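Notes follow the structure.
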Amino acid sequence: HFTDDDTTELQQPRLTVYQLDSPPWQVDADGALVSSDGSLILLSGEVAIERAGGSNSRPVRMTTRNLRVQPKQDYAETDEKVRVETDRDWLDATGMQAWFRPPSRLKFLSQVKGYYVPDAAIEN
């Protein structure tokens with residue numbers, strides 16, 4: 001805890017983002033700084049974001065660095081490189097915005113490339 005600006009420093013923090021109709025997201029990082037009112041969390045170093053598979057979704061793992069999280073808005077963003085992987089797809093990009101509150105969505109900002117296998121291709 002820093003008394004000059006009332007921020008809190010954490011080592012190896014874990015955030016859990018719960019959703020009604022799908023498994024929760026787990027967010028792990030090397031470190032974090034939390035603002036005095038908790039409205040901003042700066043996750044530092046390596047950041048891993050994971051969600052287990054559910055009845056309507058496959059497991060997802062995202063890796064990046066230095067993620068800014070606004071917990072009250074269920075929102076996160078980074079300007080760093082991002083890798084998203086499922087059991088059969090992947091995507092690389094630079095920069096990402098993530099909205100965890102339904103309807104959940106991701107926006108990749110630049111240099112996006114990936115490999116996607118539609119469900120129909122697996123069933124045939």
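So you can find residues: chains in the structure tokens are A, B, ... in the order shown, residues in each start at 1, and ligands are numbered from 1 in order.
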
Which residues come within 7 Å of A:Arg65, counting only C-alpha atoms, excluding same-chain residues fewer than 2 positions away, as a VMD selection string?
-> chain A and resid 44 to 47 67 80

Quick one: everything within 7 Å of A:Leu10, counting only C-alpha atoms, minus sequence neighbours fewer than 4 positions away in the same chain. Send it as JSON, numbers by chain.
-> {"A": [31, 32, 33]}

Suppose we keep N, CA and C atoms; can you now write the selection as an mmCIF file, in the first residue's frame?
data_model
loop_
_atom_site.group_PDB
_atom_site.id
_atom_site.type_symbol
_atom_site.label_atom_id
_atom_site.label_comp_id
_atom_site.auth_asym_id
_atom_site.auth_seq_id
_atom_site.Cartn_x
_atom_site.Cartn_y
_atom_site.Cartn_z
ATOM 1 N N GLY A 31 1.934 -8.918 -11.664
ATOM 2 C CA GLY A 31 1.738 -7.916 -10.620
ATOM 3 C C GLY A 31 0.594 -6.992 -10.980
ATOM 4 N N ALA A 32 0.243 -6.090 -10.052
ATOM 5 C CA ALA A 32 -0.842 -5.142 -10.311
ATOM 6 C C ALA A 32 -0.716 -3.938 -9.398
ATOM 7 N N LEU A 33 -1.232 -2.830 -9.888
ATOM 8 C CA LEU A 33 -1.430 -1.621 -9.096
ATOM 9 C C LEU A 33 -2.920 -1.328 -9.114
#

Could you give me, as a list in words, each residue of stretch 60-94 of chain A that DSSP assigns to strand (DSSP E or B) when run on this structure's backbone?
->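 Taking stretch 60-94 of chain A and keeping strand (DSSP E or B) only, one gets Val60, Arg61, Met62, Thr63, Thr64, Arg65, Asn66, Leu67, Arg68, Val69, Gln70, Tyr75, Ala76, Glu77, Thr78, Asp79, Glu80, Lys81, Val82, Arg83, Val84, Glu85, Trp90, Leu91, Asp92, Ala93 and Thr94 of chain A.
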
Show me, as JSON lines, the residues of stretch 58-79 of chain A having an atom within 9 Å of stretch 89-107 of chain A, each with the closest atom pair and its distance in Å, using only C-alpha atoms.
{"residue": "A:Gln73", "atom": "CA", "partner": "A:Arg101", "partner_atom": "CA", "distance": 7.8}
{"residue": "A:Asp74", "atom": "CA", "partner": "A:Phe100", "partner_atom": "CA", "distance": 5.2}
{"residue": "A:Tyr75", "atom": "CA", "partner": "A:Trp99", "partner_atom": "CA", "distance": 4.7}
{"residue": "A:Ala76", "atom": "CA", "partner": "A:Ala98", "partner_atom": "CA", "distance": 5.1}
{"residue": "A:Glu77", "atom": "CA", "partner": "A:Gln97", "partner_atom": "CA", "distance": 4.4}
{"residue": "A:Thr78", "atom": "CA", "partner": "A:Gly95", "partner_atom": "CA", "distance": 5.3}
{"residue": "A:Asp79", "atom": "CA", "partner": "A:Gly95", "partner_atom": "CA", "distance": 4.0}

Grab the residues selected above and save them as a compact mmCIF listing (two decimals), in the first residue's frame with N, CA and C atoms.
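Wrote selection.txt, looks like this:
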# COMPACT_ATOMS: atom_id res chain seq x y z
N GLN A 73 -16.89 -1.59 -14.91
CA GLN A 73 -17.44 -1.63 -16.26
C GLN A 73 -17.23 -3.00 -16.93
N ASP A 74 -16.60 -3.95 -16.23
CA ASP A 74 -16.26 -5.25 -16.82
C ASP A 74 -15.54 -5.06 -18.15
N TYR A 75 -14.54 -4.17 -18.14
CA TYR A 75 -13.83 -3.77 -19.35
C TYR A 75 -12.33 -3.86 -19.13
N ALA A 76 -11.60 -4.24 -20.18
CA ALA A 76 -10.13 -4.29 -20.11
C ALA A 76 -9.56 -3.91 -21.47
N GLU A 77 -8.31 -3.39 -21.46
CA GLU A 77 -7.66 -3.03 -22.72
C GLU A 77 -6.15 -3.10 -22.57
N THR A 78 -5.49 -3.29 -23.72
CA THR A 78 -4.04 -3.26 -23.78
C THR A 78 -3.62 -2.75 -25.15
N ASP A 79 -2.42 -2.18 -25.20
CA ASP A 79 -1.82 -1.77 -26.47
C ASP A 79 -0.77 -2.79 -26.92

Give me the residues within 12 Å of A:Asn56 as a PyMOL selection string, counting only C-alpha atoms and dropping any in the same chain fewer than 2 places off.
-> chain A and resi 21-23+52-54+58-59+119

Suppose we keep N, CA and C atoms; can you now write the selection as a compact mmCIF listing (two decimals), in the first residue's frame?
# COMPACT_ATOMS: atom_id res chain seq x y z
N ASP A 21 -24.38 -16.98 -18.11
CA ASP A 21 -24.62 -18.15 -18.95
C ASP A 21 -23.36 -18.84 -19.45
N SER A 22 -22.21 -18.54 -18.86
CA SER A 22 -20.98 -19.20 -19.28
C SER A 22 -20.00 -19.25 -18.12
N PRO A 23 -18.99 -20.09 -18.24
CA PRO A 23 -18.01 -20.18 -17.15
C PRO A 23 -17.32 -18.83 -16.91
N ALA A 52 -12.90 -21.58 -19.08
CA ALA A 52 -13.14 -23.00 -19.36
C ALA A 52 -14.26 -23.12 -20.39
N GLY A 53 -14.34 -24.24 -21.05
CA GLY A 53 -15.41 -24.47 -22.00
C GLY A 53 -16.74 -24.66 -21.28
N GLY A 54 -17.81 -24.28 -21.95
CA GLY A 54 -19.15 -24.45 -21.40
C GLY A 54 -20.02 -25.20 -22.39
N ARG A 58 -16.27 -23.00 -26.32
CA ARG A 58 -15.03 -23.75 -26.16
C ARG A 58 -14.12 -23.03 -25.17
N PRO A 59 -13.16 -23.74 -24.59
CA PRO A 59 -12.20 -23.07 -23.71
C PRO A 59 -11.39 -22.04 -24.50
N ASP A 119 -17.21 -24.86 -36.91
CA ASP A 119 -17.74 -26.10 -36.35
C ASP A 119 -18.14 -27.09 -37.43
